[in-house]
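The next block is start-v3.cif, given as mmCIF, C-alpha atoms.
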```cif
data_model
#
loop_
_atom_site.group_PDB
_atom_site.id
_atom_site.type_symbol
_atom_site.label_atom_id
_atom_site.label_comp_id
_atom_site.auth_asym_id
_atom_site.auth_seq_id
_atom_site.Cartn_x
_atom_site.Cartn_y
_atom_site.Cartn_z
ATOM 1 C CA MET A 4 38.686 7.476 -12.678
ATOM 2 C CA LEU A 5 37.424 6.268 -9.347
ATOM 3 C CA ASN A 6 33.731 5.468 -9.310
ATOM 4 C CA GLN A 7 32.610 7.474 -6.286
ATOM 5 C CA SER A 8 29.585 5.714 -4.850
ATOM 6 C CA PRO A 9 29.045 7.106 -1.377
ATOM 7 C CA SER A 10 25.856 5.078 -1.086
ATOM 8 C CA LEU A 11 27.656 1.803 -1.857
ATOM 9 C CA ASP A 12 30.351 2.822 0.649
ATOM 10 C CA ARG A 13 27.717 3.330 3.341
ATOM 11 C CA LEU A 14 25.814 0.173 2.388
ATOM 12 C CA PHE A 15 28.848 -2.121 2.519
ATOM 13 C CA HIS A 16 30.004 -0.448 5.739
ATOM 14 C CA ALA A 17 26.537 -0.916 7.269
ATOM 15 C CA LEU A 18 26.642 -4.641 6.464
ATOM 16 C CA ALA A 19 30.179 -5.137 7.826
ATOM 17 C CA ASP A 20 28.947 -5.714 11.383
ATOM 18 C CA PRO A 21 27.307 -8.906 12.739
ATOM 19 C CA ALA A 22 24.773 -6.988 14.893
ATOM 20 C CA ARG A 23 23.638 -4.935 11.916
ATOM 21 C CA ARG A 24 23.462 -8.000 9.668
ATOM 22 C CA ALA A 25 21.386 -9.743 12.370
ATOM 23 C CA MET A 26 18.961 -6.786 12.272
ATOM 24 C CA VAL A 27 18.773 -6.965 8.477
ATOM 25 C CA GLU A 28 18.220 -10.745 8.658
ATOM 26 C CA ARG A 29 15.335 -10.203 11.090
ATOM 27 C CA LEU A 30 13.808 -7.374 9.044
ATOM 28 C CA THR A 31 13.752 -9.372 5.812
ATOM 29 C CA LEU A 32 11.173 -11.549 7.628
ATOM 30 C CA GLY A 33 8.980 -8.462 8.156
ATOM 31 C CA PRO A 34 8.844 -5.184 10.117
ATOM 32 C CA ALA A 35 9.772 -5.291 13.812
ATOM 33 C CA PRO A 36 9.809 -2.908 16.775
ATOM 34 C CA VAL A 37 13.237 -1.689 17.923
ATOM 35 C CA SER A 38 12.929 -3.679 21.170
ATOM 36 C CA GLU A 39 12.544 -6.939 19.224
ATOM 37 C CA LEU A 40 15.558 -6.121 17.043
ATOM 38 C CA ALA A 41 17.697 -5.301 20.086
ATOM 39 C CA ARG A 42 16.633 -8.235 22.310
ATOM 40 C CA PRO A 43 18.804 -11.014 20.778
ATOM 41 C CA LEU A 44 21.892 -8.800 20.593
ATOM 42 C CA PRO A 45 24.577 -9.053 23.306
ATOM 43 C CA MET A 46 24.575 -5.296 23.938
ATOM 44 C CA SER A 47 22.675 -2.485 25.625
ATOM 45 C CA LEU A 48 19.630 -0.886 23.975
ATOM 46 C CA PRO A 49 21.542 2.383 23.294
ATOM 47 C CA SER A 50 24.291 0.409 21.494
ATOM 48 C CA ALA A 51 21.691 -1.414 19.426
ATOM 49 C CA MET A 52 20.090 1.956 18.603
ATOM 50 C CA GLN A 53 23.471 3.200 17.358
ATOM 51 C CA HIS A 54 23.750 0.226 15.000
ATOM 52 C CA LEU A 55 20.204 0.902 13.826
ATOM 53 C CA GLY A 56 21.267 4.496 13.135
ATOM 54 C CA VAL A 57 24.018 3.239 10.807
ATOM 55 C CA LEU A 58 21.486 1.102 8.912
ATOM 56 C CA GLU A 59 19.106 4.079 8.680
ATOM 57 C CA ALA A 60 21.889 6.432 7.482
ATOM 58 C CA ALA A 61 22.710 3.954 4.718
ATOM 59 C CA GLY A 62 19.040 3.959 3.691
ATOM 60 C CA LEU A 63 18.658 0.235 4.400
ATOM 61 C CA VAL A 64 16.176 0.629 7.257
ATOM 62 C CA ARG A 65 13.310 3.025 7.874
ATOM 63 C CA SER A 66 11.540 3.472 11.185
ATOM 64 C CA LYS A 67 8.182 4.948 12.163
ATOM 65 C CA LYS A 68 6.984 5.826 15.629
ATOM 66 C CA THR A 69 3.409 4.998 16.553
ATOM 67 C CA GLY A 70 2.653 5.956 20.152
ATOM 68 C CA ARG A 71 5.551 4.582 22.195
ATOM 69 C CA VAL A 72 6.599 1.943 19.713
ATOM 70 C CA ARG A 73 9.148 2.584 16.941
ATOM 71 C CA THR A 74 8.717 0.007 14.185
ATOM 72 C CA CYS A 75 11.494 -0.665 11.689
ATOM 73 C CA SER A 76 11.273 -2.018 8.180
ATOM 74 C CA ILE A 77 13.834 -2.784 5.521
ATOM 75 C CA ASP A 78 14.148 -1.147 2.108
ATOM 76 C CA THR A 79 14.843 -4.175 -0.051
ATOM 77 C CA GLN A 80 15.425 -1.996 -3.125
ATOM 78 C CA VAL A 81 18.403 -0.415 -1.366
ATOM 79 C CA LEU A 82 19.669 -3.863 -0.322
ATOM 80 C CA GLY A 83 19.258 -4.784 -3.995
ATOM 81 C CA LEU A 84 21.849 -2.119 -4.975
ATOM 82 C CA VAL A 85 24.529 -4.135 -3.190
ATOM 83 C CA GLU A 86 23.372 -7.359 -4.830
ATOM 84 C CA GLN A 87 23.389 -5.629 -8.245
ATOM 85 C CA TRP A 88 26.986 -4.482 -7.832
ATOM 86 C CA LEU A 89 28.025 -8.033 -6.923
ATOM 87 C CA SER A 90 26.097 -9.706 -9.721
ATOM 88 C CA ALA A 91 27.627 -7.244 -12.232
ATOM 89 C CA ARG A 92 31.055 -8.476 -11.080
ATOM 90 C CA ARG A 93 29.968 -12.114 -11.414
ATOM 91 C CA ILE A 94 28.622 -11.467 -14.938
ATOM 92 C CA GLU A 95 31.961 -9.909 -15.997
ATOM 93 C CA TRP A 96 33.819 -12.842 -14.502
ATOM 94 C CA GLU A 97 31.591 -15.411 -16.233
ATOM 95 C CA LYS A 98 32.004 -13.563 -19.560
ATOM 96 C CA ARG A 99 35.752 -13.878 -19.126
ATOM 97 C CA LEU A 100 35.477 -17.628 -18.387
ATOM 98 C CA ASP A 101 33.298 -18.075 -21.502
ATOM 99 C CA LEU A 102 35.894 -16.285 -23.632
ATOM 100 C CA LEU A 103 38.656 -18.486 -22.204
ATOM 101 C CA ASP A 104 36.491 -21.541 -22.890
ATOM 102 C CA ASP A 105 35.904 -20.466 -26.519
ATOM 103 C CA TYR A 106 39.610 -19.886 -26.934
ATOM 104 C CA MET A 107 40.475 -23.332 -25.539
ATOM 105 C CA GLN A 108 37.939 -24.976 -27.859
ATOM 106 C CA THR A 109 39.383 -23.100 -30.845
ATOM 107 C CA LEU A 110 42.867 -24.323 -29.910
ATOM 108 C CA GLU A 111 41.574 -27.901 -29.498
ATOM 109 C CA SER A 112 39.736 -27.930 -32.824
ATOM 110 C CA LYS A 113 42.816 -26.510 -34.554
ATOM 111 C CA GLY A 114 44.849 -29.314 -32.970
ATOM 112 C CA GLU A 115 42.344 -31.916 -34.186
ATOM 113 C CA ASN A 116 42.381 -30.504 -37.718
ATOM 114 C CA HIS A 117 46.160 -30.683 -37.736
ATOM 115 C CA GLY A 118 46.004 -34.252 -36.419
ATOM 116 C CA THR A 119 43.561 -35.501 -39.051
ATOM 117 C CA SER A 120 45.049 -33.704 -42.074
ATOM 118 C CA GLU A 121 47.041 -36.041 -44.287
ATOM 119 C CA MET B 265 22.516 -15.466 19.442
ATOM 120 C CA LEU B 266 24.574 -13.322 17.137
ATOM 121 C CA ASN B 267 25.800 -15.003 13.992
ATOM 122 C CA GLN B 268 29.526 -14.301 14.289
ATOM 123 C CA SER B 269 30.911 -14.275 10.772
ATOM 124 C CA PRO B 270 34.292 -12.611 10.937
ATOM 125 C CA SER B 271 34.835 -13.422 7.272
ATOM 126 C CA LEU B 272 31.629 -11.647 6.225
ATOM 127 C CA ASP B 273 32.675 -8.718 8.454
ATOM 128 C CA ARG B 274 36.004 -8.494 6.654
ATOM 129 C CA LEU B 275 34.444 -8.993 3.229
ATOM 130 C CA PHE B 276 31.828 -6.258 3.613
ATOM 131 C CA HIS B 277 34.443 -3.961 5.156
ATOM 132 C CA ALA B 278 36.817 -4.636 2.248
ATOM 133 C CA LEU B 279 34.108 -3.663 -0.241
ATOM 134 C CA ALA B 280 33.125 -0.469 1.625
ATOM 135 C CA ASP B 281 35.766 1.622 -0.115
ATOM 136 C CA PRO B 282 35.659 2.942 -3.717
ATOM 137 C CA ALA B 283 39.378 2.283 -4.354
ATOM 138 C CA ARG B 284 39.050 -1.329 -3.232
ATOM 139 C CA ARG B 285 35.849 -1.816 -5.258
ATOM 140 C CA ALA B 286 37.661 -0.357 -8.304
ATOM 141 C CA MET B 287 40.397 -2.980 -7.810
ATOM 142 C CA VAL B 288 37.789 -5.752 -7.551
ATOM 143 C CA GLU B 289 36.033 -4.425 -10.669
ATOM 144 C CA ARG B 290 39.326 -4.534 -12.585
ATOM 145 C CA LEU B 291 40.241 -8.005 -11.300
ATOM 146 C CA THR B 292 36.922 -9.562 -12.330
ATOM 147 C CA LEU B 293 38.123 -8.861 -15.904
ATOM 148 C CA GLY B 294 41.258 -10.941 -15.266
ATOM 149 C CA PRO B 295 44.512 -10.933 -13.257
ATOM 150 C CA ALA B 296 46.535 -7.711 -13.196
ATOM 151 C CA PRO B 297 49.878 -6.505 -11.850
ATOM 152 C CA VAL B 298 49.771 -4.216 -8.804
ATOM 153 C CA SER B 299 50.995 -1.254 -10.893
ATOM 154 C CA GLU B 300 47.998 -1.574 -13.232
ATOM 155 C CA LEU B 301 45.581 -1.767 -10.286
ATOM 156 C CA ALA B 302 47.117 1.308 -8.679
ATOM 157 C CA ARG B 303 47.497 3.479 -11.805
ATOM 158 C CA PRO B 304 43.869 4.718 -12.125
ATOM 159 C CA LEU B 305 43.557 5.457 -8.401
ATOM 160 C CA PRO B 306 44.021 9.024 -7.127
ATOM 161 C CA MET B 307 46.598 7.990 -4.518
ATOM 162 C CA SER B 308 50.210 6.982 -4.024
ATOM 163 C CA LEU B 309 51.402 3.429 -4.707
ATOM 164 C CA PRO B 310 51.912 2.712 -0.965
ATOM 165 C CA SER B 311 48.301 3.780 -0.270
ATOM 166 C CA ALA B 312 47.052 1.539 -3.067
ATOM 167 C CA MET B 313 49.158 -1.317 -1.621
ATOM 168 C CA GLN B 314 47.447 -0.789 1.747
ATOM 169 C CA HIS B 315 44.020 -1.129 0.116
ATOM 170 C CA LEU B 316 45.240 -4.253 -1.649
ATOM 171 C CA GLY B 317 46.311 -5.597 1.757
ATOM 172 C CA VAL B 318 42.743 -5.193 3.046
ATOM 173 C CA LEU B 319 41.419 -7.139 0.049
ATOM 174 C CA GLU B 320 44.051 -9.860 0.597
ATOM 175 C CA ALA B 321 43.284 -10.082 4.347
ATOM 176 C CA ALA B 322 39.602 -10.596 3.488
ATOM 177 C CA GLY B 323 40.584 -13.431 1.145
ATOM 178 C CA LEU B 324 39.159 -11.637 -1.891
ATOM 179 C CA VAL B 325 42.460 -11.153 -3.685
ATOM 180 C CA ARG B 326 45.564 -13.305 -3.994
ATOM 181 C CA SER B 327 48.898 -12.110 -5.333
ATOM 182 C CA LYS B 328 51.957 -13.891 -6.671
ATOM 183 C CA LYS B 329 55.371 -12.441 -7.331
ATOM 184 C CA THR B 330 57.197 -13.472 -10.487
ATOM 185 C CA GLY B 331 60.524 -11.705 -10.806
ATOM 186 C CA ARG B 332 59.825 -8.058 -10.109
ATOM 187 C CA VAL B 333 56.123 -8.168 -10.951
ATOM 188 C CA ARG B 334 53.421 -8.963 -8.377
ATOM 189 C CA THR B 335 50.285 -10.149 -10.148
ATOM 190 C CA CYS B 336 46.904 -10.099 -8.409
ATOM 191 C CA SER B 337 43.868 -12.215 -9.052
ATOM 192 C CA ILE B 338 40.422 -12.361 -7.490
ATOM 193 C CA ASP B 339 38.885 -15.298 -5.643
ATOM 194 C CA THR B 340 35.374 -15.232 -7.052
ATOM 195 C CA GLN B 341 34.243 -17.988 -4.669
ATOM 196 C CA VAL B 342 34.960 -15.664 -1.750
ATOM 197 C CA LEU B 343 33.134 -12.821 -3.506
ATOM 198 C CA GLY B 344 30.302 -15.321 -3.944
ATOM 199 C CA LEU B 345 29.946 -15.614 -0.133
ATOM 200 C CA VAL B 346 28.774 -11.998 0.003
ATOM 201 C CA GLU B 347 26.368 -12.536 -2.876
ATOM 202 C CA GLN B 348 25.024 -15.678 -1.164
ATOM 203 C CA TRP B 349 24.293 -13.795 2.056
ATOM 204 C CA LEU B 350 22.402 -11.128 0.091
ATOM 205 C CA SER B 351 20.451 -13.571 -2.052
ATOM 206 C CA ALA B 352 19.431 -15.497 1.106
ATOM 207 C CA ARG B 353 17.918 -12.219 2.403
ATOM 208 C CA ARG B 354 16.119 -11.636 -0.905
ATOM 209 C CA ILE B 355 14.718 -15.181 -0.867
ATOM 210 C CA GLU B 356 13.348 -14.675 2.668
ATOM 211 C CA TRP B 357 11.832 -11.367 1.614
ATOM 212 C CA GLU B 358 10.214 -12.850 -1.492
ATOM 213 C CA LYS B 359 8.819 -15.767 0.570
ATOM 214 C CA ARG B 360 7.195 -13.205 2.847
ATOM 215 C CA LEU B 361 5.688 -11.337 -0.137
ATOM 216 C CA ASP B 362 4.332 -14.640 -1.522
ATOM 217 C CA LEU B 363 2.722 -15.433 1.847
ATOM 218 C CA LEU B 364 1.143 -11.966 1.966
ATOM 219 C CA ASP B 365 -0.078 -12.454 -1.603
ATOM 220 C CA ASP B 366 -1.624 -15.849 -0.762
ATOM 221 C CA TYR B 367 -3.304 -14.304 2.289
ATOM 222 C CA MET B 368 -4.750 -11.430 0.233
ATOM 223 C CA GLN B 369 -6.093 -13.868 -2.383
ATOM 224 C CA THR B 370 -7.698 -15.986 0.356
ATOM 225 C CA LEU B 371 -9.380 -12.867 1.761
ATOM 226 C CA GLU B 372 -10.567 -11.863 -1.717
ATOM 227 C CA SER B 373 -11.981 -15.304 -2.573
ATOM 228 C CA LYS B 374 -13.735 -15.434 0.813
ATOM 229 C CA GLY B 375 -15.234 -12.020 0.019
ATOM 230 C CA GLU B 376 -16.386 -13.276 -3.407
ATOM 231 C CA ASN B 377 -17.934 -16.419 -1.891
ATOM 232 C CA HIS B 378 -19.835 -14.295 0.591
ATOM 233 C CA GLY B 379 -20.976 -12.027 -2.235
ATOM 234 C CA THR B 380 -22.271 -14.840 -4.453
ATOM 235 C CA SER B 381 -23.854 -17.015 -1.733
ATOM 236 C CA GLU B 382 -27.687 -16.725 -1.724
#
```
Please rewrite the model in this file as structure tokens.
Amino acid sequence: MLNQSPSLDRLFHALADPARRAMVERLTLGPAPVSELARPLPMSLPSAMQHLGVLEAAGLVRSKKTGRVRTCSIDTQVLGLVEQWLSARRIEWEKRLDLLDDYMQTLESKGENHGTSE
Amino acid sequence: MLNQSPSLDRLFHALADPARRAMVERLTLGPAPVSELARPLPMSLPSAMQHLGVLEAAGLVRSKKTGRVRTCSIDTQVLGLVEQWLSARRIEWEKRLDLLDDYMQTLESKGENHGTSE
């Protein structure tokens, strides 16, 4: 009955923290070294690395080491999974509003027909 | 430095659980009593009520008691806040791709001009 989506669980959990969202916000502008991602955050580098680990475990961020520099980039397709789940909810909701709207119009037109019949 | 958004924290956290997402999925189809939300979930009613509490604390779900029945409904505007954050990221990402595309085309046309100049 329950739609088990461990990846959605991890994705929503990964985005439930302001430091991790700040990293995602930065990475949607383009790849960045870990040091640049960590610099604006009010925490130590090891703490920032832990947050990065959560984003990597969720599949949102990939990193590659070249020499001494580890560069991170975002997987926008994975971020898109979250957006897809949300837009599916919005579509269902809008369908429901349309149905209610149709129903109200049917009631109104029935009322008008009753009003004009002689 | 860090964009503190406690509401986004709570919203993403609320959606990071399959039972709570199942409740949201049901409620986007229309209001429902607590018993109907809890029935498909593989857990006790008190556990389901706890999950509902997390959704209510995030502002995603409102409930109203009429007689013995507590009916829940979703606040789609609040759900929209999450979608807005995600679509803002996608827009930034697409802007970046467009800029890269423009840059590649400039390089290509420069290459062609060099090739055809005599």
Next on the checklist: Between atom CA of B:Arg326 and atom CA of B:Met287, what is the distance in Å, rounded to a tenth?
Outcome noted: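 Answer for the atom CA of B:Arg326 to atom CA of B:Met287 separation: 12.2 Å.
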Next on the checklist: Within 7 Å of chain A, which residues belong to chain B? Use only C-alpha atoms and report them as number ranges by chain.
Outcome noted: B: 265-269, 272-274, 276-277, 279-283, 286, 289, 292-293, 304-305, 347, 350, 353, 356-357, 360
Checklist entry - For the point (8.2, -3.2, 10.8) in file coordinates, what residues are within 9 Å, counting all atoms listed in the file? Give the answer as a PyMOL selection string? => result chain A and resi 30+33-37+65-67+73-77
Next on the checklist: Between atom CA of A:Glu59 and atom CA of B:Ala321, what is the distance in Å, rounded to a tenth?
Outcome noted: 28.4 Å
Can stretch 300-329 of chain B be brought up to N, CA and C atoms and written out as an mmCIF file, keeping the file's coordinate frame?
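New file part-v7.cif:
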```
data_model
loop_
_atom_site.group_PDB
_atom_site.id
_atom_site.type_symbol
_atom_site.label_atom_id
_atom_site.label_comp_id
_atom_site.auth_asym_id
_atom_site.auth_seq_id
_atom_site.Cartn_x
_atom_site.Cartn_y
_atom_site.Cartn_z
ATOM 1 N N GLU B 300 49.184 -1.858 -12.416
ATOM 2 C CA GLU B 300 47.998 -1.574 -13.232
ATOM 3 C C GLU B 300 46.782 -1.294 -12.355
ATOM 4 N N LEU B 301 46.706 -2.001 -11.208
ATOM 5 C CA LEU B 301 45.581 -1.767 -10.286
ATOM 6 C C LEU B 301 45.679 -0.376 -9.667
ATOM 7 N N ALA B 302 46.918 0.048 -9.392
ATOM 8 C CA ALA B 302 47.117 1.308 -8.679
ATOM 9 C C ALA B 302 47.005 2.519 -9.602
ATOM 10 N N ARG B 303 47.381 2.345 -10.883
ATOM 11 C CA ARG B 303 47.497 3.479 -11.805
ATOM 12 C C ARG B 303 46.255 4.373 -11.853
ATOM 13 N N PRO B 304 45.028 3.812 -11.984
ATOM 14 C CA PRO B 304 43.869 4.718 -12.125
ATOM 15 C C PRO B 304 43.442 5.379 -10.815
ATOM 16 N N LEU B 305 44.023 4.959 -9.695
ATOM 17 C CA LEU B 305 43.557 5.457 -8.401
ATOM 18 C C LEU B 305 44.237 6.777 -8.033
ATOM 19 N N PRO B 306 43.460 7.710 -7.475
ATOM 20 C CA PRO B 306 44.021 9.024 -7.127
ATOM 21 C C PRO B 306 44.773 8.963 -5.803
ATOM 22 N N MET B 307 45.832 8.148 -5.768
ATOM 23 C CA MET B 307 46.598 7.990 -4.518
ATOM 24 C C MET B 307 47.983 7.454 -4.849
ATOM 25 N N SER B 308 48.849 7.484 -3.829
ATOM 26 C CA SER B 308 50.210 6.982 -4.024
ATOM 27 C C SER B 308 50.203 5.455 -4.106
ATOM 28 N N LEU B 309 51.294 4.891 -4.626
ATOM 29 C CA LEU B 309 51.402 3.429 -4.707
ATOM 30 C C LEU B 309 51.330 2.792 -3.315
ATOM 31 N N PRO B 310 52.028 3.346 -2.296
ATOM 32 C CA PRO B 310 51.912 2.712 -0.965
ATOM 33 C C PRO B 310 50.472 2.689 -0.439
ATOM 34 N N SER B 311 49.706 3.769 -0.706
ATOM 35 C CA SER B 311 48.301 3.780 -0.270
ATOM 36 C C SER B 311 47.506 2.697 -0.994
ATOM 37 N N ALA B 312 47.749 2.572 -2.291
ATOM 38 C CA ALA B 312 47.052 1.539 -3.067
ATOM 39 C C ALA B 312 47.412 0.149 -2.533
ATOM 40 N N MET B 313 48.708 -0.031 -2.164
ATOM 41 C CA MET B 313 49.158 -1.317 -1.621
ATOM 42 C C MET B 313 48.428 -1.623 -0.309
ATOM 43 N N GLN B 314 48.175 -0.581 0.488
ATOM 44 C CA GLN B 314 47.447 -0.789 1.747
ATOM 45 C C GLN B 314 46.032 -1.295 1.468
ATOM 46 N N HIS B 315 45.373 -0.675 0.478
ATOM 47 C CA HIS B 315 44.020 -1.129 0.116
ATOM 48 C C HIS B 315 44.056 -2.577 -0.364
ATOM 49 N N LEU B 316 45.080 -2.889 -1.147
ATOM 50 C CA LEU B 316 45.240 -4.253 -1.649
ATOM 51 C C LEU B 316 45.400 -5.227 -0.475
ATOM 52 N N GLY B 317 46.114 -4.777 0.561
ATOM 53 C CA GLY B 317 46.311 -5.597 1.757
ATOM 54 C C GLY B 317 44.990 -5.925 2.434
ATOM 55 N N VAL B 318 44.064 -4.957 2.443
ATOM 56 C CA VAL B 318 42.743 -5.193 3.046
ATOM 57 C C VAL B 318 41.982 -6.245 2.236
ATOM 58 N N LEU B 319 42.094 -6.154 0.912
ATOM 59 C CA LEU B 319 41.419 -7.139 0.049
ATOM 60 C C LEU B 319 42.046 -8.529 0.229
ATOM 61 N N GLU B 320 43.367 -8.574 0.399
ATOM 62 C CA GLU B 320 44.051 -9.860 0.597
ATOM 63 C C GLU B 320 43.676 -10.456 1.959
ATOM 64 N N ALA B 321 43.623 -9.603 2.998
ATOM 65 C CA ALA B 321 43.284 -10.082 4.347
ATOM 66 C C ALA B 321 41.864 -10.652 4.380
ATOM 67 N N ALA B 322 40.981 -10.099 3.547
ATOM 68 C CA ALA B 322 39.602 -10.596 3.488
ATOM 69 C C ALA B 322 39.507 -11.878 2.665
ATOM 70 N N GLY B 323 40.589 -12.216 1.962
ATOM 71 C CA GLY B 323 40.584 -13.431 1.145
ATOM 72 C C GLY B 323 40.045 -13.208 -0.255
ATOM 73 N N LEU B 324 39.753 -11.938 -0.581
ATOM 74 C CA LEU B 324 39.159 -11.637 -1.891
ATOM 75 C C LEU B 324 40.187 -11.662 -3.009
ATOM 76 N N VAL B 325 41.418 -11.281 -2.661
ATOM 77 C CA VAL B 325 42.460 -11.153 -3.685
ATOM 78 C C VAL B 325 43.690 -11.956 -3.257
ATOM 79 N N ARG B 326 44.290 -12.613 -4.229
ATOM 80 C CA ARG B 326 45.564 -13.305 -3.994
ATOM 81 C C ARG B 326 46.613 -12.677 -4.900
ATOM 82 N N SER B 327 47.861 -12.660 -4.456
ATOM 83 C CA SER B 327 48.898 -12.110 -5.333
ATOM 84 C C SER B 327 50.101 -13.039 -5.356
ATOM 85 N N LYS B 328 50.829 -12.973 -6.453
ATOM 86 C CA LYS B 328 51.957 -13.891 -6.671
ATOM 87 C C LYS B 328 53.069 -13.090 -7.324
ATOM 88 N N LYS B 329 54.266 -13.214 -6.780
ATOM 89 C CA LYS B 329 55.371 -12.441 -7.331
ATOM 90 C C LYS B 329 56.179 -13.291 -8.298
#
```
